[in-house]
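*Asks:* This is upload-v4.cif, which holds mmCIF, C-alpha atoms:
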data_my_file
loop_
_atom_site.label_atom_id
_atom_site.label_comp_id
_atom_site.auth_asym_id
_atom_site.auth_seq_id
_atom_site.Cartn_x
_atom_site.Cartn_y
_atom_site.Cartn_z
CA MET O 927 -40.03 -38.84 -25.68
CA ARG O 928 -38.56 -36.41 -28.22
CA MET O 929 -35.86 -37.16 -30.78
CA ALA O 930 -33.12 -35.76 -28.48
CA GLU O 931 -34.16 -38.09 -25.66
CA LEU O 932 -34.40 -41.05 -28.04
CA SER O 933 -30.84 -40.26 -29.09
CA ALA O 934 -29.61 -39.91 -25.48
CA GLU O 935 -31.40 -43.11 -24.40
CA SER O 936 -30.08 -45.21 -27.31
CA GLY O 937 -26.66 -43.62 -27.73
CA VAL O 938 -27.39 -43.22 -31.45
CA PRO O 939 -26.70 -39.71 -32.87
CA VAL O 940 -29.72 -37.70 -34.04
CA ALA O 941 -28.44 -37.55 -37.63
CA THR O 942 -28.16 -41.35 -37.69
CA ILE O 943 -31.68 -41.78 -36.30
CA LYS O 944 -32.98 -39.44 -39.03
CA TYR O 945 -31.20 -41.57 -41.64
CA TYR O 946 -32.81 -44.74 -40.25
CA LEU O 947 -36.22 -42.99 -40.34
CA ARG O 948 -35.73 -41.99 -43.99
CA GLU O 949 -34.62 -45.52 -44.88
CA GLY O 950 -37.67 -46.99 -43.15
CA LEU O 951 -35.65 -48.97 -40.59
CA VAL O 952 -37.38 -47.26 -37.66
CA PRO O 953 -41.08 -46.23 -37.83
CA SER O 954 -41.97 -42.54 -37.72
CA GLY O 955 -42.94 -40.94 -34.42
CA GLU O 956 -46.33 -39.35 -33.77
CA LEU O 957 -46.34 -35.75 -35.00
CA THR O 958 -47.30 -33.35 -32.22
CA SER O 959 -46.52 -30.27 -34.33
CA PRO O 960 -45.25 -29.91 -37.92
CA ASN O 961 -41.63 -30.12 -36.74
CA GLN O 962 -41.99 -32.16 -33.59
CA ALA O 963 -42.54 -35.90 -33.20
CA GLN O 964 -42.96 -38.05 -30.11
CA TYR O 965 -41.32 -41.47 -29.78
CA GLN O 966 -42.28 -44.37 -27.53
CA ALA O 967 -40.53 -47.35 -25.98
CA LYS O 968 -41.22 -49.34 -29.16
CA HIS O 969 -39.11 -46.87 -31.15
CA LEU O 970 -36.24 -47.27 -28.71
CA GLN O 971 -36.49 -51.06 -28.94
CA ARG O 972 -36.53 -50.96 -32.74
CA LEU O 973 -33.55 -48.63 -32.76
CA LYS O 974 -31.60 -51.05 -30.56
CA LEU O 975 -32.56 -53.93 -32.85
CA VAL O 976 -31.44 -52.04 -35.97
CA ARG O 977 -28.09 -51.19 -34.34
CA ALA O 978 -27.55 -54.79 -33.29
CA LEU O 979 -28.36 -56.13 -36.77
CA LEU O 980 -26.03 -53.60 -38.40
CA GLU O 981 -23.14 -53.65 -35.96
CA VAL O 982 -23.15 -57.06 -34.35
CA GLY O 983 -24.97 -59.03 -37.05
CA GLY O 984 -23.05 -57.34 -39.86
CA LEU O 985 -26.14 -56.90 -42.06
CA SER O 986 -26.40 -54.24 -44.75
CA ILE O 987 -28.99 -51.45 -44.57
CA VAL O 988 -30.98 -53.23 -47.29
CA ASP O 989 -30.97 -56.51 -45.35
CA VAL O 990 -32.05 -54.75 -42.16
CA ARG O 991 -34.93 -53.14 -44.04
CA ASP O 992 -36.05 -56.56 -45.29
CA VAL O 993 -35.86 -57.92 -41.75
CA VAL O 994 -37.87 -55.12 -40.08
CA ARG O 995 -40.47 -55.24 -42.88
CA ALA O 996 -40.87 -58.96 -42.32
CA ILE O 997 -41.34 -58.30 -38.59
CA ASP O 998 -43.90 -55.55 -39.22
CA ASP O 999 -45.79 -57.54 -41.83
CA ARG O 1000 -46.10 -60.47 -39.44
CA ALA O 1001 -44.64 -62.81 -42.01
CA PRO O 1002 -45.17 -66.47 -41.13
CA THR O 1003 -42.46 -67.44 -38.63
CA HIS O 1004 -40.86 -69.90 -41.00
CA GLU O 1005 -40.55 -67.27 -43.74
CA LEU O 1006 -39.16 -64.78 -41.29
CA LEU O 1007 -36.43 -67.15 -40.22
CA GLY O 1008 -35.27 -67.28 -43.80
CA VAL O 1009 -35.34 -63.57 -44.53
CA ALA O 1010 -32.01 -62.49 -43.11
CA GLN O 1011 -28.47 -62.73 -44.40
CA HIS O 1012 -29.30 -63.70 -47.95
CA GLY O 1013 -26.70 -61.22 -49.08
CA LEU O 1014 -24.11 -62.47 -46.66
CA PHE O 1015 -24.12 -66.15 -47.38
CA VAL O 1016 -25.61 -66.80 -50.77
CA ARG O 1017 -22.63 -65.99 -52.95
CA LYS O 1018 -22.77 -65.86 -56.70
CA ASN O 1019 -20.79 -68.60 -58.26
CA GLU O 1020 -21.18 -69.81 -61.79
CA VAL O 1021 -22.05 -73.48 -61.78
CA ASP O 1022 -22.48 -75.56 -64.95
CA GLU O 1023 -25.51 -77.77 -65.49
CA GLU O 1024 -23.74 -81.07 -64.76
CA SER O 1025 -22.33 -79.74 -61.49
CA ARG O 1026 -25.66 -78.32 -60.44
CA ALA O 1027 -27.40 -81.65 -61.06
CA TRP O 1028 -24.69 -83.50 -59.13
CA ALA O 1029 -24.95 -81.16 -56.11
CA ARG O 1030 -28.72 -81.11 -56.22
CA ALA O 1031 -28.82 -84.93 -56.11
CA LEU O 1032 -26.61 -84.91 -52.98
CA ILE O 1033 -28.86 -82.31 -51.36
CA ASP O 1034 -32.02 -84.23 -52.25
CA ASP O 1035 -30.54 -87.35 -50.64
CA ILE O 1036 -29.89 -85.47 -47.42
CA ALA O 1037 -33.33 -83.85 -47.50
CA ALA O 1038 -34.91 -87.29 -47.85
CA GLN O 1039 -32.87 -88.57 -44.89
CA ARG O 1040 -33.89 -85.58 -42.75
CA GLN O 1041 -37.47 -85.62 -44.11
CA TRP O 1042 -37.08 -81.99 -45.20
CA THR O 1043 -39.32 -80.64 -47.96
CA LEU O 1044 -37.21 -78.30 -50.08
CA GLU O 1045 -39.03 -75.37 -51.66
CA GLU O 1046 -38.35 -74.45 -55.27
CA GLY O 1047 -35.99 -71.47 -55.46
CA ASP O 1048 -34.96 -71.68 -51.78
CA PRO O 1049 -31.89 -69.42 -51.63
CA TYR O 1050 -30.19 -71.71 -49.12
CA VAL O 1051 -30.46 -74.65 -51.46
CA LYS O 1052 -28.85 -72.49 -54.17
CA SER O 1053 -26.15 -71.55 -51.70
CA LEU O 1054 -25.51 -75.22 -50.88
CA VAL O 1055 -25.27 -76.11 -54.57
CA SER O 1056 -22.60 -73.44 -55.01
CA LEU O 1057 -20.71 -74.55 -51.90
CA LEU O 1058 -20.72 -78.26 -52.75
CA CYS O 1059 -19.49 -77.52 -56.28
CA THR O 1060 -16.70 -75.41 -54.80
CA PHE O 1061 -15.55 -78.26 -52.53
CA ARG O 1062 -15.40 -80.51 -55.58
CA ASP O 1063 -13.69 -77.95 -57.85
CA LEU O 1064 -10.99 -77.38 -55.25
CA GLY O 1065 -10.28 -81.09 -55.03
CA HIS O 1066 -11.63 -81.43 -51.47
CA SER O 1067 -14.37 -83.92 -52.20
CA HIS O 1068 -13.51 -85.84 -49.03
CA LEU O 1069 -15.06 -82.89 -47.15
CA LEU O 1070 -18.42 -83.84 -48.64
CA GLY O 1071 -18.54 -86.54 -45.96
CA ILE O 1072 -19.24 -83.89 -43.34
CA PHE O 1073 -22.45 -82.93 -45.10
CA PRO O 1074 -24.87 -85.57 -43.72
CA HIS O 1075 -23.44 -85.05 -40.22
CA TYR O 1076 -23.92 -81.30 -40.50
CA ALA O 1077 -27.51 -81.81 -41.65
CA GLU O 1078 -28.23 -83.98 -38.62
CA ILE O 1079 -26.61 -81.40 -36.33
CA ALA O 1080 -28.54 -78.58 -38.05
CA ASP O 1081 -31.76 -80.37 -37.10
CA ALA O 1082 -30.63 -80.41 -33.47
CA VAL O 1083 -29.79 -76.67 -33.62
CA ALA O 1084 -33.15 -75.83 -35.21
CA LEU O 1085 -34.94 -77.65 -32.40
CA VAL O 1086 -33.01 -75.67 -29.78
CA ASP O 1087 -33.80 -72.44 -31.70
CA LEU O 1088 -37.50 -73.13 -31.97
CA GLU O 1089 -37.85 -74.20 -28.35
CA ALA O 1090 -36.21 -70.95 -27.23
CA ILE O 1091 -38.86 -68.85 -28.95
CA GLY O 1092 -41.90 -71.13 -29.03
CA ASP O 1093 -43.16 -70.30 -25.54
CA LEU O 1094 -42.84 -66.50 -25.62
CA PRO O 1095 -46.09 -64.74 -24.63
CA THR O 1096 -46.65 -62.44 -27.63
CA ALA O 1097 -46.22 -62.70 -31.38
CA GLU O 1098 -44.10 -59.52 -31.40
CA GLN O 1099 -41.63 -60.99 -28.95
CA MET O 1100 -41.58 -64.32 -30.77
CA VAL O 1101 -40.94 -62.70 -34.12
CA GLU O 1102 -38.20 -60.35 -32.91
CA SER O 1103 -36.59 -63.17 -30.96
CA ALA O 1104 -36.61 -65.40 -34.01
CA VAL O 1105 -34.76 -62.74 -35.99
CA VAL O 1106 -32.24 -61.94 -33.28
CA GLY O 1107 -31.69 -65.61 -32.45
CA THR O 1108 -31.22 -66.52 -36.09
CA ILE O 1109 -28.89 -63.74 -37.18
CA LEU O 1110 -26.82 -63.30 -34.04
CA GLY O 1111 -27.15 -67.03 -33.37
CA ASP O 1112 -25.10 -67.70 -36.53
CA ALA O 1113 -22.28 -65.62 -35.10
CA VAL O 1114 -22.57 -67.30 -31.69
CA PHE O 1115 -22.46 -70.71 -33.27
CA ILE O 1116 -19.51 -69.90 -35.52
CA ALA O 1117 -17.52 -68.50 -32.58
CA LEU O 1118 -18.25 -71.65 -30.56
CA ARG O 1119 -17.34 -73.86 -33.51
CA ARG O 1120 -13.91 -72.14 -33.73
CA ILE O 1121 -13.28 -72.50 -30.01
CA ALA O 1122 -14.33 -76.17 -30.10
CA GLN O 1123 -12.11 -76.75 -33.17
CA GLN O 1124 -9.09 -75.21 -31.47
CA PHE O 1125 -9.65 -77.45 -28.47
CA ALA O 1126 -10.24 -80.61 -30.54
CA SER O 1127 -7.28 -79.80 -32.76
CA ARG O 1128 -4.87 -79.32 -29.87
CA LYS O 1129 -6.08 -82.62 -28.45
CA MET O 1130 -5.68 -84.44 -31.78
CA PHE O 1131 -2.54 -82.82 -33.20
CA GLY O 1132 -0.83 -81.47 -30.10
CA GLU O 1133 0.99 -78.15 -30.16
CA ASP O 1134 3.22 -78.93 -33.14
CA PRO O 1135 2.43 -78.49 -36.82
CA PRO O 1136 1.81 -81.73 -38.67
CA ALA O 1137 4.87 -83.29 -40.30
CA ALA O 1138 5.58 -82.11 -43.85
CA GLY O 1139 4.06 -84.40 -46.48
CA MET I 1306 2.20 -73.03 -68.21
CA ARG I 1307 2.30 -69.34 -69.05
CA MET I 1308 0.10 -66.59 -67.59
CA ALA I 1309 -2.33 -66.79 -70.53
CA GLU I 1310 -2.81 -70.53 -69.98
CA LEU I 1311 -3.18 -70.07 -66.23
CA SER I 1312 -5.91 -67.54 -66.99
CA ALA I 1313 -7.65 -69.82 -69.50
CA GLU I 1314 -7.41 -72.82 -67.17
CA SER I 1315 -8.78 -70.97 -64.12
CA GLY I 1316 -11.22 -68.63 -65.84
CA VAL I 1317 -9.60 -65.72 -63.96
CA PRO I 1318 -8.67 -62.71 -66.14
CA VAL I 1319 -4.94 -61.96 -66.53
CA ALA I 1320 -5.30 -58.51 -64.92
CA THR I 1321 -6.92 -60.12 -61.86
CA ILE I 1322 -4.17 -62.75 -61.60
CA LYS I 1323 -1.58 -59.94 -61.73
CA TYR I 1324 -3.41 -58.18 -58.92
CA TYR I 1325 -3.39 -61.35 -56.80
CA LEU I 1326 0.35 -61.74 -57.48
CA ARG I 1327 1.03 -58.16 -56.37
CA GLU I 1328 -1.07 -58.66 -53.24
CA GLY I 1329 0.81 -61.86 -52.40
CA LEU I 1330 -2.28 -64.08 -52.63
CA VAL I 1331 -0.71 -66.31 -55.28
CA PRO I 1332 3.05 -67.05 -55.30
CA SER I 1333 5.19 -65.78 -58.18
CA GLY I 1334 5.94 -68.03 -61.10
CA GLU I 1335 9.44 -69.07 -62.11
CA LEU I 1336 11.02 -66.43 -64.37
CA THR I 1337 12.17 -67.93 -67.67
CA SER I 1338 13.02 -64.51 -69.15
CA PRO I 1339 12.75 -60.98 -67.74
CA ASN I 1340 9.11 -60.70 -68.90
CA GLN I 1341 8.07 -64.31 -68.90
CA ALA I 1342 7.14 -66.54 -65.99
CA GLN I 1343 6.10 -70.17 -65.85
CA TYR I 1344 3.31 -71.42 -63.58
CA GLN I 1345 2.64 -74.93 -62.28
CA ALA I 1346 -0.32 -76.91 -61.07
CA LYS I 1347 0.25 -75.51 -57.56
CA HIS I 1348 -0.36 -71.98 -58.88
CA LEU I 1349 -3.62 -73.07 -60.45
CA GLN I 1350 -4.72 -74.74 -57.21
CA ARG I 1351 -3.85 -71.64 -55.18
CA LEU I 1352 -5.71 -69.45 -57.65
CA LYS I 1353 -8.81 -71.61 -57.29
CA LEU I 1354 -8.52 -71.46 -53.50
CA VAL I 1355 -8.19 -67.65 -53.54
CA ARG I 1356 -11.24 -67.33 -55.78
CA ALA I 1357 -13.28 -69.64 -53.55
CA LEU I 1358 -12.31 -67.76 -50.39
CA LEU I 1359 -13.16 -64.40 -51.98
CA GLU I 1360 -16.31 -65.31 -53.88
CA VAL I 1361 -17.88 -68.19 -52.01
CA GLY I 1362 -16.42 -67.61 -48.56
CA GLY I 1363 -16.93 -63.85 -48.75
CA LEU I 1364 -13.52 -63.03 -47.27
CA SER I 1365 -11.75 -59.74 -47.88
CA ILE I 1366 -8.42 -59.55 -49.72
CA VAL I 1367 -6.69 -58.92 -46.37
CA ASP I 1368 -8.30 -62.00 -44.79
CA VAL I 1369 -7.34 -64.15 -47.77
CA ARG I 1370 -3.75 -62.96 -47.46
CA ASP I 1371 -3.74 -63.97 -43.78
CA VAL I 1372 -5.14 -67.37 -44.68
CA VAL I 1373 -2.64 -68.15 -47.47
CA ARG I 1374 0.24 -66.93 -45.30
CA ALA I 1375 -0.88 -69.25 -42.52
CA ILE I 1376 -0.97 -72.11 -45.03
CA ASP I 1377 2.48 -71.30 -46.40
CA ASP I 1378 4.01 -70.82 -42.94
CA ARG I 1379 2.70 -74.21 -41.84
CA ALA I 1380 1.04 -72.67 -38.82
CA PRO I 1381 -0.03 -75.26 -36.24
CA THR I 1382 -3.37 -76.70 -37.38
CA HIS I 1383 -5.23 -75.34 -34.38
CA GLU I 1384 -3.98 -71.80 -35.08
CA LEU I 1385 -4.82 -72.11 -38.71
CA LEU I 1386 -8.38 -73.06 -37.95
CA GLY I 1387 -8.74 -69.79 -36.10
CA VAL I 1388 -7.18 -67.53 -38.69
CA ALA I 1389 -10.07 -66.89 -41.01
CA GLN I 1390 -13.10 -64.65 -40.84
CA HIS I 1391 -12.00 -62.56 -37.90
CA GLY I 1392 -13.20 -59.52 -39.80
CA LEU I 1393 -16.52 -61.07 -40.62
CA PHE I 1394 -17.68 -62.19 -37.22
CA VAL I 1395 -15.88 -60.29 -34.56
CA ARG I 1396 -17.83 -57.07 -34.63
CA LYS I 1397 -16.91 -54.02 -32.66
CA ASN I 1398 -19.41 -53.33 -29.96
CA GLU I 1399 -18.77 -51.16 -26.94
CA VAL I 1400 -19.34 -53.21 -23.80
CA ASP I 1401 -19.05 -51.77 -20.28
CA GLU I 1402 -17.02 -53.49 -17.58
CA GLU I 1403 -20.00 -54.94 -15.67
CA SER I 1404 -21.47 -56.43 -18.88
CA ARG I 1405 -18.12 -57.85 -19.91
CA ALA I 1406 -17.66 -59.54 -16.52
CA TRP I 1407 -21.20 -60.95 -16.66
CA ALA I 1408 -20.73 -62.37 -20.17
CA ARG I 1409 -17.27 -63.69 -19.39
CA ALA I 1410 -18.62 -65.57 -16.33
CA LEU I 1411 -21.25 -67.26 -18.55
CA ILE I 1412 -18.58 -68.21 -21.07
CA ASP I 1413 -16.25 -69.56 -18.39
CA ASP I 1414 -19.09 -71.75 -17.06
CA ILE I 1415 -19.64 -73.22 -20.50
CA ALA I 1416 -15.91 -73.70 -21.06
CA ALA I 1417 -15.68 -75.58 -17.75
CA GLN I 1418 -18.61 -77.81 -18.80
CA ARG I 1419 -17.03 -78.53 -22.18
CA GLN I 1420 -13.51 -78.79 -20.67
CA TRP I 1421 -12.29 -76.10 -23.06
CA THR I 1422 -9.20 -74.09 -22.16
CA LEU I 1423 -9.79 -70.52 -23.32
CA GLU I 1424 -6.74 -68.58 -24.42
CA GLU I 1425 -6.29 -64.98 -23.30
CA GLY I 1426 -7.27 -62.59 -26.05
CA ASP I 1427 -9.02 -65.26 -28.15
CA PRO I 1428 -10.98 -63.20 -30.70
CA TYR I 1429 -13.89 -65.65 -30.61
CA VAL I 1430 -14.26 -65.20 -26.86
CA LYS I 1431 -14.35 -61.42 -27.45
CA SER I 1432 -16.95 -61.98 -30.14
CA LEU I 1433 -19.06 -64.09 -27.77
CA VAL I 1434 -18.86 -61.42 -25.04
CA SER I 1435 -20.19 -58.85 -27.49
CA LEU I 1436 -22.96 -61.17 -28.72
CA LEU I 1437 -24.16 -62.19 -25.25
CA CYS I 1438 -24.28 -58.54 -24.15
CA THR I 1439 -26.32 -57.74 -27.24
CA PHE I 1440 -28.88 -60.45 -26.43
CA ARG I 1441 -29.24 -58.96 -22.95
CA ASP I 1442 -29.36 -55.32 -24.13
CA LEU I 1443 -32.12 -56.15 -26.59
CA GLY I 1444 -34.19 -57.78 -23.84
CA HIS I 1445 -33.82 -61.30 -25.29
CA SER I 1446 -32.12 -62.87 -22.29
CA HIS I 1447 -34.26 -66.02 -22.69
CA LEU I 1448 -32.15 -66.72 -25.78
CA LEU I 1449 -29.15 -67.21 -23.52
CA GLY I 1450 -30.61 -70.64 -22.78
CA ILE I 1451 -29.53 -71.81 -26.24
CA PHE I 1452 -25.91 -71.16 -25.37
CA PRO I 1453 -24.98 -74.39 -23.51
CA HIS I 1454 -26.81 -76.42 -26.16
CA TYR I 1455 -24.91 -74.65 -28.93
CA ALA I 1456 -21.62 -75.30 -27.14
CA GLU I 1457 -22.39 -79.02 -26.92
CA ILE I 1458 -23.37 -79.08 -30.60
CA ALA I 1459 -20.22 -77.11 -31.53
CA ASP I 1460 -18.15 -79.90 -29.96
CA ALA I 1461 -19.95 -82.42 -32.17
CA VAL I 1462 -19.28 -80.29 -35.27
CA ALA I 1463 -15.60 -79.86 -34.38
CA LEU I 1464 -15.24 -83.62 -34.09
CA VAL I 1465 -16.79 -84.11 -37.55
CA ASP I 1466 -14.48 -81.37 -38.92
CA LEU I 1467 -11.32 -82.85 -37.46
CA GLU I 1468 -12.16 -86.39 -38.54
CA ALA I 1469 -12.67 -85.17 -42.11
CA ILE I 1470 -9.13 -83.82 -42.33
CA GLY I 1471 -7.21 -85.95 -39.82
CA ASP I 1472 -6.46 -88.85 -42.16
CA LEU I 1473 -5.32 -86.94 -45.22
CA PRO I 1474 -1.93 -88.13 -46.54
CA THR I 1475 0.06 -84.87 -46.62
CA ALA I 1476 0.33 -81.79 -44.42
CA GLU I 1477 -0.40 -79.53 -47.43
CA GLN I 1478 -3.69 -81.25 -48.09
CA MET I 1479 -4.58 -81.29 -44.41
CA VAL I 1480 -3.88 -77.61 -43.99
CA GLU I 1481 -5.75 -76.48 -47.11
CA SER I 1482 -8.65 -78.76 -46.25
CA ALA I 1483 -8.83 -77.31 -42.74
CA VAL I 1484 -9.12 -73.81 -44.18
CA VAL I 1485 -11.67 -74.69 -46.84
CA GLY I 1486 -13.69 -76.83 -44.45
CA THR I 1487 -13.71 -74.16 -41.79
CA ILE I 1488 -14.56 -71.13 -43.92
CA LEU I 1489 -16.90 -72.70 -46.44
CA GLY I 1490 -18.13 -75.06 -43.71
CA ASP I 1491 -19.59 -72.05 -41.85
CA ALA I 1492 -21.66 -71.19 -44.89
CA VAL I 1493 -22.72 -74.83 -45.39
CA PHE I 1494 -23.78 -75.08 -41.78
CA ILE I 1495 -25.68 -71.79 -41.81
CA ALA I 1496 -27.56 -72.77 -44.97
CA LEU I 1497 -28.48 -76.13 -43.41
CA ARG I 1498 -29.54 -74.41 -40.16
CA ARG I 1499 -31.95 -72.17 -42.14
CA ILE I 1500 -33.41 -75.11 -44.04
CA ALA I 1501 -33.82 -77.11 -40.82
CA GLN I 1502 -35.41 -74.07 -39.10
CA GLN I 1503 -37.90 -73.61 -41.93
CA PHE I 1504 -38.85 -77.26 -41.67
CA ALA I 1505 -39.08 -77.27 -37.84
CA SER I 1506 -40.99 -73.99 -37.87
CA ARG I 1507 -43.59 -75.20 -40.36
CA LYS I 1508 -44.02 -78.30 -38.24
CA MET I 1509 -44.36 -76.31 -35.01
CA PHE I 1510 -46.32 -73.28 -36.18
CA GLY I 1511 -48.00 -74.51 -39.34
CA GLU I 1512 -48.44 -72.24 -42.34
CA ASP I 1513 -50.14 -69.38 -40.47
CA PRO I 1514 -48.48 -66.49 -38.66
CA PRO I 1515 -48.72 -66.72 -34.88
CA ALA I 1516 -51.73 -64.96 -33.31
CA ALA I 1517 -51.19 -61.30 -32.45
CA GLY I 1518 -50.10 -60.78 -28.86
#
Any chance you could give the structure as C-alpha cells?

*Replies:*
Amino acid sequence: MRMAELSAESGVPVATIKYYLREGLVPSGELTSPNQAQYQAKHLQRLKLVRALLEVGGLSIVDVRDVVRAIDDRAPTHELLGVAQHGLFVRKNEVDEESRAWARALIDDIAAQRQWTLEEGDPYVKSLVSLLCTFRDLGHSHLLGIFPHYAEIADAVALVDLEAIGDLPTAEQMVESAVVGTILGDAVFIALRRIAQQFASRKMFGEDPPAAG
Amino acid sequence: MRMAELSAESGVPVATIKYYLREGLVPSGELTSPNQAQYQAKHLQRLKLVRALLEVGGLSIVDVRDVVRAIDDRAPTHELLGVAQHGLFVRKNEVDEESRAWARALIDDIAAQRQWTLEEGDPYVKSLVSLLCTFRDLGHSHLLGIFPHYAEIADAVALVDLEAIGDLPTAEQMVESAVVGTILGDAVFIALRRIAQQFASRKMFGEDPPAAG
C-alpha cells in the first residue's frame, strides 16, 4: 500500500508517519520510484505498536526507538523484557554510600530468598536502591516489610507473563508480545492494584476517614 | 527554623522551596515578622515528601498538589489511595462503542470473580478499558489471558499494602504512608517484576534468542 493508505488504515496522519520514519521507529517502505514507497502489513503493525507504546504505554520517542531496535535485533528475550521504561521508572536520586550499602544488603537478601541472580549494573536494582532509601529517608521504614511479599508476588507475575508468550508460534510474535505485555502490563497491573486497594480499604476502614491521631 | 535552615536541612534550594510554597505543595510557615517565617519539623517532612513524589515517584507538580491536598483534607483512605498518578497511567485512547462494551464486559466478569464493586467513572476502569482494547487492536488477544491472574495477584498486593499501614498509631502517619506506599510501591513492584522476568526468562529460554519463526 502507499503512504496515504497506510495513513488511512492506521489513522495516523502522513506527517506523523514521516516523522516516525525519520526517527527510525517504523522501517522504510520499498522504493518503487524515487518519490514513491510501498508499505506492507508489517509496516501497519509496527505503526500500531509505536502508537500504543507512545500513547497508551506513555513511553518517550527515545524509549520507543530502543524498544523497536531490540525487537529488530532479536535481542535475547530476557534482555528485551528489560529494555523498556528505563526512563520512566529509574529516577535519579542521590544516595550516599552508607545508604546504598544498606539498601543493597536488603536487596541481596531478597534475591537469595527468590534465587535470583542479580546482574552488575542492572538498572532495576539501582531503581530499588533509590526507592528503599527514599522509604527510609521519609521515615516510612515500616513499609520495607512489604518488600519480601512483593518479591514473591513478582515471581508469580513473571510466571504468568512468560507462560502467556512462551507458546507463541514465531519469534516475531513472541518478541512483540513480550514488549507489549511488559510495558502495557505494568499499566494493567497498576490499575488493578488501585481497584483492589480501594476495595480492600473500604472493607478494612469503612466509608469514614480514620480518626484523627 | 528559618527558611535558610529548612533549605540546609532538606538539601532543597531556597528558590525551590519558595516555588513549592507558592504552588501550595508545602504549607506556609508562621510569620514572626513581615519578612520572616518560622518552619517546623512538619514542614521539613512535607518538603521531603514533595521531593520524593516529584523525583522518585515521577509525579507532576499538579499531581503532587492533588496528593498533598488529599492528605491535608483527611480524605477517606480508600479515596486517597486512588488520588495519585492519574496523569501517568490513564492515557487517552479513542475507543469505539463496541470495543468499550467488549472490554467493560471482561472487566465486569473479573470484578464479579474478585467480588469488587466498581464505581461509575473510576479512572482505573477507564484505563483498563483503553489497555484491553489496545491489546486486541495490536493482535495480542492471547495476552488477555493474563488478566484474571493479574486481578488475583492484585488482591494479594492490596492485602499486603493495607496490612502495612493498618496498624500505624496516627491518622497522619497512616495517610502519608498510604500515599508513599502506593506511589513508590508501583515503582518498587515494577522493578521487581522486571528482575523476576529476567530470571524466569533466562530459565525458560536460556541465554540464546528464540529461533526465527

*Asks:* Interatomic distance between CA of Ser1482 (chain I) and CA of Leu1069 (chain O)?

*Replies:*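 Atom-to-atom, CA of Ser1482 (chain I) and CA of Leu1069 (chain O) are spaced 7.7 Å apart.
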
*Asks:* Please expand the PyMOL selection byres ((chain O and resi 990) around 8) into the concrete residues it hits in this file, giving the result as a list in words.

*Replies:*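 Matching residues under the PyMOL selection byres ((chain O and resi 990) around 8) are Leu951, Val976, Leu979, Leu980, Leu985, Ser986, Ile987, Val988, Asp989, Arg991, Asp992, Val993, Val994 and Ala1010 of chain O.
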
*Asks:* Report the distance between CA of Asp1081 (chain O) and CA of Ala1501 (chain I) in Å, rounded to one decimal place.

*Replies:*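 Distance reported for this atom pair: 5.4 Å.
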
*Asks:* So what does the PyMOL selection byres ((chain I and resi 1444) around 10) actually pick up in this one, as number ranges by chain?

*Replies:* O: 971, 974-975, 1099, 1103; I: 1438-1443, 1445-1448

*Asks:* Tell me which residues come within 12 Å of (-29.4, -70.5, -23.2), as a PyMOL selection string, counting only C-alpha atoms in the file's coordinates.

*Replies:* (chain O and resi 1086-1087+1089-1091+1107+1111+1114) or (chain I and resi 1411-1412+1415+1437+1440-1441+1445-1457)

*Asks:* Determine the nearest neighbour of chain O from the options I:Lys1508, I:Arg1327, I:Arg1356, I:Arg1498, counting all atoms listed in the file.

*Replies:* I:Arg1498

*Asks:* Residues near Trp1421 (chain I), anyone? I mean within 9 Å using only C-alpha atoms, not counting same-chain ones fewer than 4 positions away, as a list in words.

*Replies:*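 My reading of the contact set: Ile1121, Ala1122, Phe1125 and Ala1126 of chain O; Asp1413, Ile1415, Ala1416 and Ala1417 of chain I.
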
*Asks:* Could you jot down the CA of Gly1092 (chain O) to CA of Leu970 (chain O) separation for me, Å, one decimal place?

*Replies:*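 Separation of CA of Gly1092 (chain O) and CA of Leu970 (chain O): 24.5 Å.
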
*Asks:* From the list I:Leu1497, I:Ala1313, I:Val1462, I:Leu1352, which residue is nearest Pro1332 (chain I) when using only C-alpha atoms?

*Replies:*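 Of the candidates, the smallest distance to Pro1332 (chain I) is held by I:Leu1352.
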
*Asks:* Between I:Glu1328, I:Glu1335, I:Glu1360, I:Glu1402, single out the one closest to chain O, counting only C-alpha atoms.

*Replies:*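 Checking each of I:Glu1328, I:Glu1335, I:Glu1360, I:Glu1402 against chain O, counting only C-alpha atoms, the winner is I:Glu1360.
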
*Asks:* Looking at all atoms listed in the file, which of I:Ala1483, I:Gln1341, I:Arg1374, I:Thr1475 is the one that sits closest to chain O?

*Replies:*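 Using all atoms listed in the file, chain O sits closest to I:Thr1475.
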
*Asks:* Between I:Ala1406, I:Ala1459, I:Val1400, I:Leu1473, which one has atoms that come closest to chain O, using only C-alpha atoms?

*Replies:*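 Using only C-alpha atoms, chain O sits closest to I:Ala1459.
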
*Asks:* Which is closer to chain O than all the others in I:Ala1410, I:Ala1342, I:Ala1463, I:Met1479, using all atoms listed in the file?

*Replies:* I:Ala1463
